[in-house]
Structures are given as C-alpha cells and as structure tokens.
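Next up, structure-v3.csv (CSV, C-alpha atoms):
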```
chain,number,residue,atom,x,y,z
C,296,MET,CA,151.5,96.2,114.5
C,297,PRO,CA,154.7,95.0,112.7
C,298,VAL,CA,154.2,92.2,110.1
C,299,ARG,CA,157.0,90.1,111.7
C,300,TRP,CA,155.3,90.3,115.1
C,301,ARG,CA,151.9,89.2,113.7
C,302,THR,CA,153.5,86.3,111.9
C,303,ARG,CA,155.2,85.1,115.0
C,304,SER,CA,152.0,85.4,117.0
C,305,ARG,CA,150.1,83.3,114.4
C,306,LEU,CA,152.8,80.7,114.4
C,307,ARG,CA,152.7,80.6,118.2
C,308,TYR,CA,148.9,80.0,118.2
C,309,LEU,CA,149.3,77.5,115.4
C,310,GLY,CA,151.9,75.6,117.5
C,311,ILE,CA,149.6,75.7,120.6
C,312,GLY,CA,146.7,74.4,118.5
C,313,LEU,CA,148.8,71.6,117.1
C,314,VAL,CA,150.0,70.5,120.5
C,315,LEU,CA,146.5,70.5,121.8
C,316,LEU,CA,145.3,68.5,118.8
C,317,LEU,CA,148.1,65.9,119.4
C,318,LEU,CA,147.2,65.7,123.1
C,319,LEU,CA,143.5,65.1,122.2
C,320,VAL,CA,144.5,62.4,119.6
C,321,GLY,CA,146.8,60.8,122.1
C,322,ALA,CA,144.2,60.8,124.9
C,323,PHE,CA,141.6,59.3,122.5
C,324,ALA,CA,144.1,56.6,121.4
C,325,LEU,CA,144.9,55.7,125.0
C,326,ASP,CA,141.2,55.6,125.9
C,327,THR,CA,140.5,53.3,122.9
C,328,LEU,CA,143.3,50.9,124.0
C,329,TYR,CA,141.9,50.9,127.5
C,330,VAL,CA,138.3,50.2,126.3
C,331,ALA,CA,139.6,47.5,124.1
C,332,GLY,CA,141.3,45.8,127.1
C,333,TYR,CA,144.8,46.3,125.8
C,334,PHE,CA,146.2,46.8,129.3
C,335,LYS,CA,144.2,44.0,131.0
C,336,ARG,CA,146.0,41.0,132.4
C,337,ILE,CA,144.5,37.7,131.6
C,338,GLU,CA,144.9,35.1,134.4
C,339,PRO,CA,142.7,32.0,133.5
C,340,ARG,CA,140.3,31.0,136.2
C,341,PHE,CA,137.3,28.7,136.5
C,342,ALA,CA,135.9,26.8,139.5
C,343,GLY,CA,134.9,23.7,137.6
C,344,GLU,CA,135.8,21.4,134.7
C,345,CYS,CA,135.2,21.8,131.0
C,346,HIS,CA,135.4,19.5,128.0
C,347,ARG,CA,135.3,20.3,124.3
C,348,ILE,CA,132.6,19.2,122.0
C,349,VAL,CA,134.4,19.3,118.6
C,350,GLY,CA,133.2,19.4,115.0
C,351,ILE,CA,130.8,22.4,114.7
C,352,PRO,CA,132.5,25.7,113.8
C,353,GLY,CA,131.1,29.1,114.9
C,354,ILE,CA,128.6,28.3,117.6
C,355,GLU,CA,127.9,32.0,118.2
C,356,ASP,CA,124.7,31.6,120.1
C,357,ILE,CA,123.3,29.0,122.5
C,358,LEU,CA,120.0,28.9,124.4
C,359,ILE,CA,118.8,26.3,126.8
C,360,ALA,CA,115.2,25.2,126.4
C,361,PRO,CA,112.7,25.6,129.3
C,362,ASP,CA,112.9,21.9,130.0
C,363,GLY,CA,116.5,22.4,131.1
C,364,ARG,CA,117.6,19.4,129.1
C,365,HIS,CA,117.9,20.6,125.5
C,366,ALA,CA,120.2,23.3,124.2
C,367,PHE,CA,119.9,25.0,120.8
C,368,LEU,CA,123.1,25.9,119.0
C,369,SER,CA,123.3,28.5,116.3
C,370,ALA,CA,126.3,27.7,114.1
C,371,ASP,CA,127.9,29.2,111.0
C,372,ASP,CA,131.4,28.7,109.6
C,373,ARG,CA,132.3,32.4,109.3
C,374,ARG,CA,135.8,31.7,108.1
C,375,ALA,CA,134.5,29.9,105.1
C,376,ALA,CA,132.2,32.8,104.3
C,377,SER,CA,135.1,35.3,104.7
C,378,THR,CA,137.1,33.4,102.0
C,379,GLY,CA,134.2,33.7,99.5
C,380,SER,CA,133.1,30.1,99.8
C,381,PRO,CA,130.2,30.1,102.3
C,382,VAL,CA,128.7,26.8,103.4
C,383,PRO,CA,125.3,26.4,105.0
C,384,GLY,CA,125.0,27.2,108.7
C,385,GLY,CA,122.7,25.2,111.0
C,386,ILE,CA,120.6,25.0,114.1
C,387,TRP,CA,121.8,22.1,116.2
C,388,LEU,CA,120.2,20.4,119.3
C,389,TYR,CA,122.3,19.2,122.2
C,390,ASP,CA,121.0,16.9,124.8
C,391,LEU,CA,122.5,17.8,128.2
C,392,ALA,CA,121.4,14.6,129.8
C,393,SER,CA,123.0,12.2,127.3
C,394,GLU,CA,125.9,14.4,126.2
C,395,ALA,CA,125.7,12.7,122.8
C,396,LEU,CA,127.0,14.7,119.8
C,397,PRO,CA,124.6,17.5,118.8
C,398,THR,CA,121.9,16.7,116.1
C,399,ASN,CA,121.6,19.0,113.1
C,400,LEU,CA,117.9,20.2,113.0
C,401,THR,CA,118.4,21.9,109.6
C,402,PRO,CA,120.3,19.3,107.5
C,403,ASP,CA,118.6,20.5,104.3
C,404,ALA,CA,119.6,24.1,104.7
C,405,THR,CA,120.8,25.9,101.6
C,406,VAL,CA,123.9,28.1,101.3
C,407,GLY,CA,121.7,31.0,102.1
C,408,PHE,CA,121.2,29.9,105.7
C,409,HIS,CA,123.6,31.7,108.0
C,410,PRO,CA,122.0,31.9,111.5
C,411,HIS,CA,123.1,34.4,114.1
C,412,GLY,CA,121.1,35.1,117.3
C,413,ILE,CA,118.2,32.8,118.3
C,414,SER,CA,115.3,33.0,120.7
C,415,LEU,CA,112.6,30.5,121.8
C,416,TRP,CA,109.0,31.2,122.9
C,417,PRO,CA,107.5,28.3,124.8
C,418,LEU,CA,104.2,26.8,123.4
C,419,PRO,CA,101.5,25.2,125.5
C,420,ASP,CA,102.4,21.7,124.2
C,421,GLY,CA,105.8,21.9,125.8
C,422,ARG,CA,107.7,22.7,122.6
C,423,GLY,CA,108.3,26.2,121.3
C,424,ARG,CA,108.6,28.7,118.4
C,425,LEU,CA,112.2,29.4,117.4
C,426,PHE,CA,113.2,32.8,116.0
C,427,VAL,CA,116.5,32.9,114.1
C,428,ILE,CA,118.4,36.0,112.8
C,429,ASN,CA,119.7,35.0,109.3
C,430,HIS,CA,122.2,36.7,106.9
C,431,PRO,CA,121.3,35.1,103.6
C,432,ASP,CA,124.0,37.0,101.7
C,433,GLU,CA,126.8,36.1,104.1
C,434,GLY,CA,130.1,36.1,102.2
C,435,ARG,CA,128.9,38.3,99.3
C,436,VAL,CA,130.1,41.9,98.7
C,437,LEU,CA,127.0,43.9,98.1
C,438,LEU,CA,128.1,47.3,99.4
C,439,GLY,CA,126.0,46.9,102.5
C,440,LYS,CA,122.8,46.0,100.7
C,441,GLU,CA,122.6,42.4,101.9
C,442,ARG,CA,119.1,41.1,102.7
C,443,GLN,CA,118.6,40.4,106.4
C,444,THR,CA,115.8,38.2,107.7
C,445,VAL,CA,114.3,36.5,110.7
C,446,GLU,CA,113.4,32.8,110.1
C,447,VAL,CA,110.6,31.4,112.1
C,448,PHE,CA,110.3,27.7,113.0
C,449,ASP,CA,108.2,25.5,115.3
C,450,TRP,CA,110.1,23.1,117.5
C,451,ARG,CA,108.3,19.8,117.3
C,452,PRO,CA,109.1,16.1,118.2
C,453,GLU,CA,110.1,15.6,114.6
C,454,GLY,CA,112.5,18.6,114.6
C,455,LEU,CA,112.1,22.1,113.3
C,456,VAL,CA,109.1,22.9,111.1
C,457,TYR,CA,109.5,26.1,109.0
C,458,ARG,CA,106.8,28.7,109.4
C,459,ALA,CA,107.9,32.0,107.9
C,460,THR,CA,110.6,34.4,106.7
C,461,LEU,CA,110.4,38.0,107.9
C,462,ALA,CA,112.2,40.9,106.2
C,463,ASP,CA,112.1,44.7,106.6
C,464,PRO,CA,114.3,47.7,105.7
C,465,LEU,CA,114.7,48.3,109.5
C,466,LEU,CA,116.7,45.1,109.7
C,467,VAL,CA,119.9,46.8,108.8
C,468,SER,CA,122.5,44.7,110.7
C,469,PRO,CA,120.5,42.3,113.0
C,470,ASN,CA,122.5,40.5,115.6
C,471,ALA,CA,120.4,39.1,118.5
C,472,ILE,CA,116.7,38.5,119.1
C,473,ALA,CA,114.4,38.2,122.1
C,474,ALA,CA,110.9,36.7,121.7
C,475,VAL,CA,108.2,38.2,123.9
C,476,GLY,CA,105.2,36.4,122.4
C,477,VAL,CA,104.3,33.7,119.9
C,478,ASP,CA,104.6,36.2,117.0
C,479,THR,CA,106.4,39.2,118.6
C,480,PHE,CA,110.0,40.0,119.4
C,481,TYR,CA,112.8,42.6,119.8
C,482,ALA,CA,116.0,42.4,117.7
C,483,THR,CA,119.2,44.4,117.9
C,484,ASN,CA,120.9,46.2,115.0
C,485,ASP,CA,124.5,46.2,116.0
C,486,HIS,CA,125.4,48.9,113.4
C,487,ARG,CA,123.8,51.5,111.2
C,488,TRP,CA,126.4,51.6,108.5
C,489,HIS,CA,128.3,49.1,106.4
C,490,GLY,CA,131.8,48.8,104.9
C,491,PHE,CA,134.3,51.6,105.8
C,492,TRP,CA,131.6,53.6,107.6
C,493,ARG,CA,130.9,50.6,109.8
C,494,THR,CA,134.6,50.5,110.8
C,495,LEU,CA,134.5,54.2,111.6
C,496,GLU,CA,131.4,53.6,113.7
C,497,ASP,CA,133.3,51.0,115.7
C,498,TRP,CA,136.5,52.9,116.3
C,499,LEU,CA,134.8,56.2,117.2
C,500,ARG,CA,132.3,54.3,119.3
C,501,LEU,CA,129.3,56.1,117.8
C,502,PRO,CA,125.9,55.5,119.4
C,503,LEU,CA,124.1,54.7,116.2
C,504,ALA,CA,122.8,51.2,116.8
C,505,ASP,CA,119.2,50.5,117.7
C,506,ILE,CA,116.5,48.0,118.8
C,507,VAL,CA,113.6,47.1,116.5
C,508,TYR,CA,110.3,45.6,117.6
C,509,PHE,CA,108.0,43.3,115.6
C,510,ASP,CA,104.4,43.3,116.7
C,511,GLY,CA,103.3,40.4,114.5
C,512,ALA,CA,102.6,42.5,111.5
C,513,HIS,CA,105.1,45.5,111.4
C,514,PHE,CA,108.6,46.5,112.5
C,515,ARG,CA,109.3,49.7,114.3
C,516,ILE,CA,112.2,51.3,116.1
C,517,ALA,CA,111.9,50.6,119.9
C,518,ALA,CA,115.1,52.4,121.1
C,519,ASP,CA,118.2,53.9,119.6
C,520,GLY,CA,121.3,55.8,120.5
C,521,ILE,CA,123.2,52.6,121.4
C,522,THR,CA,126.9,51.9,121.0
C,523,PHE,CA,127.2,48.5,119.2
C,524,ALA,CA,123.9,46.8,120.4
C,525,ASN,CA,124.6,43.1,120.7
C,526,GLY,CA,122.9,40.5,122.9
C,527,ILE,CA,119.3,41.0,124.1
C,528,GLU,CA,117.2,39.3,126.7
C,529,THR,CA,114.1,39.9,128.8
C,530,SER,CA,113.5,39.5,132.5
C,531,ALA,CA,111.3,36.5,133.5
C,532,ASP,CA,108.3,38.7,134.1
C,533,GLY,CA,108.9,40.6,130.8
C,534,LYS,CA,109.1,44.0,132.5
C,535,ARG,CA,112.7,44.6,131.7
C,536,LEU,CA,114.8,44.3,128.6
C,537,PHE,CA,118.6,43.8,128.8
C,538,VAL,CA,120.9,44.8,125.9
C,539,ALA,CA,124.6,44.3,125.7
C,540,SER,CA,126.6,47.4,124.4
C,541,THR,CA,129.8,45.8,123.2
C,542,THR,CA,132.1,48.8,122.7
C,543,GLY,CA,130.2,50.7,125.4
C,544,ARG,CA,131.2,47.9,127.8
C,545,ALA,CA,127.9,48.0,129.5
C,546,LEU,CA,124.6,46.1,130.0
C,547,LEU,CA,121.7,48.4,129.2
C,548,VAL,CA,118.5,48.0,131.2
C,549,TYR,CA,115.2,49.3,129.8
C,550,ASP,CA,111.8,49.3,131.6
C,551,ARG,CA,109.3,47.6,129.3
C,552,ASP,CA,105.5,48.1,129.2
C,553,ALA,CA,104.2,44.6,128.4
C,554,ALA,CA,100.9,46.1,127.0
C,555,THR,CA,102.4,48.5,124.5
C,556,ALA,CA,106.0,47.1,124.2
C,557,GLN,CA,107.3,50.6,124.8
C,558,LEU,CA,110.8,50.9,126.3
C,559,GLY,CA,111.9,53.6,128.7
C,560,ASN,CA,114.0,54.6,131.7
C,561,ARG,CA,117.3,53.3,130.4
C,562,ARG,CA,120.0,52.5,132.9
C,563,GLU,CA,123.5,51.1,132.5
C,564,ILE,CA,125.4,48.4,134.4
C,565,GLY,CA,129.1,48.9,133.8
C,566,LEU,CA,131.1,45.9,132.7
C,567,ASP,CA,134.9,45.8,132.6
C,568,THR,CA,134.8,43.9,129.3
C,569,ALA,CA,133.1,43.8,125.9
C,570,PRO,CA,129.8,41.9,126.3
C,571,ASP,CA,128.4,39.8,123.5
C,572,ASN,CA,125.3,37.6,124.0
C,573,VAL,CA,123.1,37.7,127.1
C,574,ARG,CA,121.2,34.6,128.4
C,575,ARG,CA,118.8,34.3,131.3
C,576,SER,CA,118.9,31.2,133.5
C,577,ALA,CA,116.0,29.7,135.4
C,578,ASP,CA,116.9,31.7,138.6
C,579,GLY,CA,116.7,35.0,136.7
C,580,SER,CA,120.4,35.6,136.6
C,581,LEU,CA,122.0,36.8,133.3
C,582,TRP,CA,125.0,35.0,131.7
C,583,ILE,CA,127.2,36.9,129.3
C,584,GLY,CA,129.8,35.7,127.0
C,585,ALA,CA,132.4,38.5,126.6
C,586,HIS,CA,135.6,39.6,124.9
C,587,PRO,CA,138.1,41.0,127.5
C,588,GLN,CA,140.6,42.1,124.8
C,589,LEU,CA,138.8,43.3,121.6
C,590,LEU,CA,142.0,44.0,119.6
C,591,LYS,CA,143.0,40.3,120.1
C,592,PHE,CA,139.5,39.3,119.0
C,593,LEU,CA,139.9,41.3,115.8
C,594,ALA,CA,143.3,39.6,115.2
C,595,HIS,CA,141.6,36.2,115.8
C,596,ALA,CA,138.9,37.1,113.3
C,597,ARG,CA,141.6,37.5,110.7
C,598,LYS,CA,143.5,34.4,111.5
C,599,ALA,CA,142.6,31.3,113.6
C,600,LYS,CA,146.1,31.0,115.0
C,601,ASN,CA,145.7,34.4,116.8
C,602,LEU,CA,144.2,33.5,120.1
C,603,SER,CA,141.5,35.7,121.7
C,604,PRO,CA,140.8,35.6,125.4
C,605,SER,CA,137.3,34.5,126.5
C,606,GLU,CA,135.2,35.6,129.5
C,607,VAL,CA,131.9,34.7,131.2
C,608,LEU,CA,130.1,37.0,133.6
C,609,LYS,CA,127.1,36.3,135.8
C,610,VAL,CA,124.9,39.4,136.4
C,611,THR,CA,122.3,39.2,139.1
C,612,PRO,CA,119.7,42.0,138.8
C,613,LYS,CA,118.3,43.4,142.1
C,614,PRO,CA,114.9,44.8,142.7
C,615,ASP,CA,116.2,48.4,143.0
C,616,GLY,CA,117.6,48.3,139.5
C,617,SER,CA,121.2,47.7,140.5
C,618,ALA,CA,123.0,44.3,139.9
C,619,SER,CA,125.9,42.3,141.2
C,620,VAL,CA,128.5,41.2,138.6
C,621,THR,CA,130.6,38.1,139.1
C,622,GLN,CA,133.4,36.8,136.8
C,623,ILE,CA,132.7,33.0,136.4
C,624,TYR,CA,135.2,32.1,133.6
C,625,LEU,CA,138.3,33.6,132.1
C,626,ASP,CA,140.7,32.0,129.6
C,627,ASP,CA,143.6,33.3,127.5
C,628,GLY,CA,142.2,31.7,124.4
C,629,ARG,CA,143.8,28.3,124.5
C,630,GLU,CA,140.8,26.5,125.8
C,631,ILE,CA,138.3,28.5,123.7
C,632,SER,CA,138.9,31.7,121.7
C,633,GLY,CA,136.5,34.5,121.2
C,634,SER,CA,133.6,33.5,123.5
C,635,SER,CA,130.3,35.0,122.4
C,636,VAL,CA,127.8,33.3,124.6
C,637,ALA,CA,127.3,31.5,127.9
C,638,ALA,CA,124.2,29.6,128.8
C,639,ALA,CA,123.7,28.0,132.3
C,640,SER,CA,121.4,25.4,133.7
C,641,GLY,CA,122.0,24.3,137.3
C,642,LYS,CA,125.7,23.5,137.5
C,643,ARG,CA,126.1,23.1,133.7
C,644,LEU,CA,127.6,25.9,131.7
C,645,LEU,CA,127.9,25.9,127.9
C,646,ILE,CA,130.3,28.4,126.2
C,647,GLY,CA,130.2,29.1,122.5
C,648,PRO,CA,132.7,30.9,120.2
C,649,VAL,CA,132.4,33.1,117.1
C,650,TYR,CA,134.9,31.1,115.1
C,651,ASP,CA,136.4,28.1,116.9
C,652,ASP,CA,135.4,24.6,115.8
C,653,HIS,CA,134.2,23.5,119.2
C,654,PHE,CA,132.2,24.7,122.2
C,655,LEU,CA,132.7,24.0,125.9
C,656,ASP,CA,130.4,21.9,128.1
C,657,CYS,CA,131.4,22.8,131.7
C,658,THR,CA,130.4,21.7,135.2
C,659,MET,CA,130.6,24.4,137.8
C,660,LYS,CA,131.6,23.5,141.4
```

As structure tokens, what does this structure read like?
Amino acid sequence: MPVRWRTRSRLRYLGIGLVLLLLLVGAFALDTLYVAGYFKRIEPRFAGECHRIVGIPGIEDILIAPDGRHAFLSADDRRAASTGSPVPGGIWLYDLASEALPTNLTPDATVGFHPHGISLWPLPDGRGRLFVINHPDEGRVLLGKERQTVEVFDWRPEGLVYRATLADPLLVSPNAIAAVGVDTFYATNDHRWHGFWRTLEDWLRLPLADIVYFDGAHFRIAADGITFANGIETSADGKRLFVASTTGRALLVYDRDAATAQLGNRREIGLDTAPDNVRRSADGSLWIGAHPQLLKFLAHARKAKNLSPSEVLKVTPKPDGSASVTQIYLDDGREISGSSVAAASGKRLLIGPVYDDHFLDCTMK
C-alpha cells in the first residue's frame, strides 16, 4: 500500500473522528442549555396576591408547624459569607395569624451558625424537635474540608432549647433533612466533591449525591446514585420518601420500610424545572420551590442585580405511584429571585429565596 494513500486514509479517519467529536460536544452543550432552562419562556402567573416581608436575607427553607399557625424560617446571609465576612444565620418564627414581623429564635447564635435545611418532629406536648443542617465553616476556604453538622433543638414556649450537635464524615455536603422520629432522620448530600470537582459534578450531571440516615446513634448511606440531591420529605404515613434531583429535573420517590428505614423501588416524577426544597402540606400534597432557569440563578448568585426566575409547583401523589404536577407560581425574578422553597397551609403560601432580603407571604384564590 503506497505511503501517500495510507496517510490520506488516516487523515480522512481523523477528520471523521473530529467531526463526530464536535457533534457530540455540540449535542451535549445544547442538552445542557435545555436542561438549564435556557430556551424556556417566563410568563409570570399566579392566581392570588403576594406581599413582601422584608429584612431577613437568604430564607432558603421554610416549614409550617403542625398547628398551621407558625412557620419556621431558616435564614443565612450567603452574600456576606461569599465576601469573606460571614454573619450569624438564624432560625426565625413567623406567626401566620398575626402577620407580625418574624421573631429570631436564635438571637445569641455565633458566626459559626449557618443554617440550611430544617425539619420538625412533633412532640406529645404540642411542640416539637427541630433538626437543622448547619455549615459552621461557611465563608472559609478549607479545600472542601469544612465541618458539617446537624443541630438539634426542642421548640418550647420560651423558644428553641439546644439539645445536641451531630457530626459524621458521611455528612459531606448536607443540604436538606427529613425527621422520621424523635431522634432519627434522613439528610441529603447534594454533592460528593468540593471545589473544581464539584463544578465538574454539576456540569456533567454526575449521579454522585446520596441520602444518609441517622438511627439515633450512627449514620449510614441509605441511597446513592442521585444527581444533585436537594430537598427531602416523607409522606404522611412515612411509607414514601421524596427527594428533589435538581439537575436531574425530577422528584425521586422511594418506598420506605418504617421498621428498618430501608429505601427501595425508586421511581421518578419528571419536572420541567430544577427543583429545590420539598414541603408536604396537611392534605398530603407536595410543594416545591424551583429554579426554571439555572444559568440565570448562577448569575444571580454572583450578583444581586442579576434576576433569577422563581417557580412553585404542587405535586399531588396518587395511590398508584404516579402524580399530578401543577404550576402554581411563576415569576421573572422581579417579585422574588431564586426561589428555593414553598410552604402551604390552606390558602396561604410562603415562598423563600436563596439570596434575596425578603420572602413572600401569598394568599391563593
């Protein structure tokens, strides 16, 4: 075979390979833009009225107590932390009946208190035990070796009474928490890696996140293989566990054995958005704060002037395992940017953001 012919043949195959590689990269880029909501049109809608409650930045998580009157707000000024000057976060209590300004239940918190996800387990006396994901080293650069904890409080008439701090190497990047007993809970790790590798995990949508379970004495992995595990919630009977997969754009449903806490038979409910926190209302429906355009949320995280659209979904599970999904709220970011949670009680709907200095108190028609 002539040398010139072999050279041309190799160049031809190299050219074909290069074209195929470019096509694959282009297809992946388009798919990433689609998943991030780049092509989605945002037309604000909401059947109701909302008003802003101003003055508390970063109310990332909200839960409404079983009495239907009180709402716990988990707040942290993440922009202050990102500048290297973190300030103490706080757990606030909002009275839905009086609509007075929220009360800080942790006024003596130190700069090491940076709450994230929260969950309440009712106690016989009508109050409850509050579990709080905490990032004590928020704002510090420790190459991914930040200490992560779960802070445990009792909610009493006099406020929050500290009980314990839980820590374990399995708490790699804890995000949300769901109590299933007075001393037991599940928590999501939204990532496995930190720093550059965390960014790679996000953009490649690698299924490396997991769910951990605490049995009152020890932590263990309850489920893994999740793409960005975020919000977590149980069904009212405790037989199902719901987990938001943010970049997977889905709500994952696990069957749960209440006796052993084992999870199995995973299903997915597709969502045309990036879900964040999940909250169950009294009627069993699930309310999800979501980010319909993730790239705009990333821009909003960098600068407050960059608006990020907000969305709220209502998911109604059915006995056969399926669910109906209804869009309740959609905003282009001017009313509230970067919604991360929605909690409903009757016609009231509270919507919280990751960064904004206010949350919304809405009345649905």

Which residues of range 326-391 of chain C have any atom within 12 Å of an atom in range 463-478 of chain C when counting only C-alpha atoms, and what is the closest pair of atoms for each, with the distance in Å to one decimal? Order the rows by chain and rising number and write it as a tab-separated table.
```
residue	atom	partner	partner_atom	distance
C:Glu355	CA	C:Ala471	CA	10.3
C:Asp356	CA	C:Ala471	CA	8.8
C:Ile357	CA	C:Ala471	CA	11.2
C:Leu358	CA	C:Ala473	CA	11.1
C:Ser369	CA	C:Ala471	CA	11.2
```

### Message
To one decimal place in Å, what is the distance between CA of His411 in chain C and CA of Arg442 in chain C?
### Response
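CA of Arg442 in chain C lies 13.8 Å from CA of His411 in chain C.
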
### Query
Which one of C:Ala524, C:Leu415, C:Ile348, C:Val382 sits closest to Pro402 in chain C if you count only C-alpha atoms?
C:Val382

### Task
Check the smallest atom-to-atom distance from each of C:Ile337, C:Leu608, C:Leu418, C:Val649 to Ile351 in chain C using all atoms listed in the file, then report the winner.
C:Val649

### Task
For Val620 in chain C, work out the shell of residues within 10 Å, counting only C-alpha atoms and skipping chain neighbours fewer than 2 positions away, then give it as a list of chain:residue names.
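In the requested form, the answer reads C:Ile564, C:Gly565, C:Leu566, C:Asp567, C:Leu581, C:Trp582, C:Leu608, C:Lys609, C:Val610, C:Thr611, C:Pro612, C:Ser617, C:Ala618, C:Gln622, C:Ile623.
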
### CA of Gly526 in chain C to CA of Pro381 in chain C, distance in Å rounded to a single decimal
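That distance, rounded to one decimal, is 24.2 Å.
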
### Message
What's around Gly384 in chain C at 6 Å? Count only C-alpha atoms, leave out sequence neighbours fewer than 4 positions away in its own chain, and write the answer as number ranges by chain.
### Response
C: 370-371, 408-409

#### Entry: Among the residues C:Ile631, C:Ile516, C:Val314, C:Val573, the one that comes closest to Ser530 in chain C [using all atoms listed in the file]
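Looking at the shortest contact to Ser530 in chain C, the residue is C:Val573.
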
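Near Ala392 in chain C, within 9 Å and counting all atoms listed in the file, sit Arg364, His365, Tyr389 and Ala395 of chain C; same-chain residues fewer than 3 positions away were not included.
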
### Task
Considering all atoms listed in the file, return as a count of residues only whatever protein or nucleic-acid residues lie within 9 Å of Arg458 in chain C, sequence-local ones (same chain, fewer than 5 positions apart) excluded.
4

Give me the residues within 12 Å of His595 in chain C as a PDB file with C-alpha atoms, in the frame of the given file, counting only C-alpha atoms and dropping any in the same chain fewer than 2 places off.
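Result file part-v9.pdb:
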```pdb
ATOM      1  CA  ARG C 373     132.300  32.400 109.300  1.00  0.00           C
ATOM      2  CA  ARG C 374     135.800  31.700 108.100  1.00  0.00           C
ATOM      3  CA  HIS C 586     135.600  39.600 124.900  1.00  0.00           C
ATOM      4  CA  GLN C 588     140.600  42.100 124.800  1.00  0.00           C
ATOM      5  CA  LEU C 589     138.800  43.300 121.600  1.00  0.00           C
ATOM      6  CA  LEU C 590     142.000  44.000 119.600  1.00  0.00           C
ATOM      7  CA  LYS C 591     143.000  40.300 120.100  1.00  0.00           C
ATOM      8  CA  PHE C 592     139.500  39.300 119.000  1.00  0.00           C
ATOM      9  CA  LEU C 593     139.900  41.300 115.800  1.00  0.00           C
ATOM     10  CA  ARG C 597     141.600  37.500 110.700  1.00  0.00           C
ATOM     11  CA  LYS C 598     143.500  34.400 111.500  1.00  0.00           C
ATOM     12  CA  ALA C 599     142.600  31.300 113.600  1.00  0.00           C
ATOM     13  CA  LYS C 600     146.100  31.000 115.000  1.00  0.00           C
ATOM     14  CA  ASN C 601     145.700  34.400 116.800  1.00  0.00           C
ATOM     15  CA  LEU C 602     144.200  33.500 120.100  1.00  0.00           C
ATOM     16  CA  SER C 603     141.500  35.700 121.700  1.00  0.00           C
ATOM     17  CA  PRO C 604     140.800  35.600 125.400  1.00  0.00           C
ATOM     18  CA  SER C 605     137.300  34.500 126.500  1.00  0.00           C
ATOM     19  CA  GLY C 628     142.200  31.700 124.400  1.00  0.00           C
ATOM     20  CA  ARG C 629     143.800  28.300 124.500  1.00  0.00           C
ATOM     21  CA  ILE C 631     138.300  28.500 123.700  1.00  0.00           C
ATOM     22  CA  SER C 632     138.900  31.700 121.700  1.00  0.00           C
ATOM     23  CA  GLY C 633     136.500  34.500 121.200  1.00  0.00           C
ATOM     24  CA  SER C 634     133.600  33.500 123.500  1.00  0.00           C
ATOM     25  CA  PRO C 648     132.700  30.900 120.200  1.00  0.00           C
ATOM     26  CA  VAL C 649     132.400  33.100 117.100  1.00  0.00           C
ATOM     27  CA  TYR C 650     134.900  31.100 115.100  1.00  0.00           C
ATOM     28  CA  ASP C 651     136.400  28.100 116.900  1.00  0.00           C
TER      29      ASP C 651
END
```

### Query
Just how far from CA of Val507 in chain C is CA of Tyr457 in chain C, in Å to one decimal?
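We find that CA of Tyr457 in chain C and CA of Val507 in chain C lie 22.7 Å from each other.
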
### Message
Show me the residues close to (117.0, 29.7, 129.3) - anything with an atom within 8 Å, counting only C-alpha atoms - and format the list as a list of chain:residue names.
### Response
C:Leu358, C:Ile359, C:Ala360, C:Pro361, C:Gly363, C:Arg574, C:Arg575, C:Ser576, C:Ala577, C:Ala638, C:Ala639, C:Ser640

#### Entry: From C:Tyr481, C:Asp550, C:Asp497, C:Ala539, residue lying nearest Ala517 in chain C [only C-alpha atoms]
C:Tyr481

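With all atoms listed in the file as the atoms that count, the residue of C:Ala462, C:Asn572, C:Gly407, C:Asn399 with the shortest distance to Asp485 in chain C is C:Asn572.
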
Would it be fine to have range 622-644 of chain C, with C-alpha atoms, given as a JSON list (two decimals), in the first residue's frame?
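Dumped to decode-v9.json:
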```json
[["chain", "number", "residue", "atom", "x", "y", "z"],
["C", 622, "GLN", "CA", -47.55, 25.08, 38.28],
["C", 623, "ILE", "CA", -48.85, 27.44, 40.98],
["C", 624, "TYR", "CA", -46.48, 30.38, 40.71],
["C", 625, "LEU", "CA", -44.06, 31.72, 38.12],
["C", 626, "ASP", "CA", -42.15, 35.00, 38.27],
["C", 627, "ASP", "CA", -39.37, 36.51, 36.19],
["C", 628, "GLY", "CA", -37.37, 37.40, 39.29],
["C", 629, "ARG", "CA", -38.67, 40.90, 39.90],
["C", 630, "GLU", "CA", -41.01, 39.90, 42.73],
["C", 631, "ILE", "CA", -38.64, 37.31, 44.16],
["C", 632, "SER", "CA", -35.42, 35.88, 42.71],
["C", 633, "GLY", "CA", -34.07, 32.37, 43.13],
["C", 634, "SER", "CA", -36.98, 30.71, 44.93],
["C", 635, "SER", "CA", -35.82, 27.69, 46.90],
["C", 636, "VAL", "CA", -38.87, 26.74, 48.97],
["C", 637, "ALA", "CA", -42.67, 26.95, 49.03],
["C", 638, "ALA", "CA", -44.74, 26.01, 52.08],
["C", 639, "ALA", "CA", -48.54, 25.99, 52.01],
["C", 640, "SER", "CA", -51.25, 25.97, 54.66],
["C", 641, "GLY", "CA", -54.81, 26.32, 53.41],
["C", 642, "LYS", "CA", -54.82, 29.31, 51.07],
["C", 643, "ARG", "CA", -51.57, 30.70, 52.47],
["C", 644, "LEU", "CA", -48.35, 30.18, 50.54]]
```
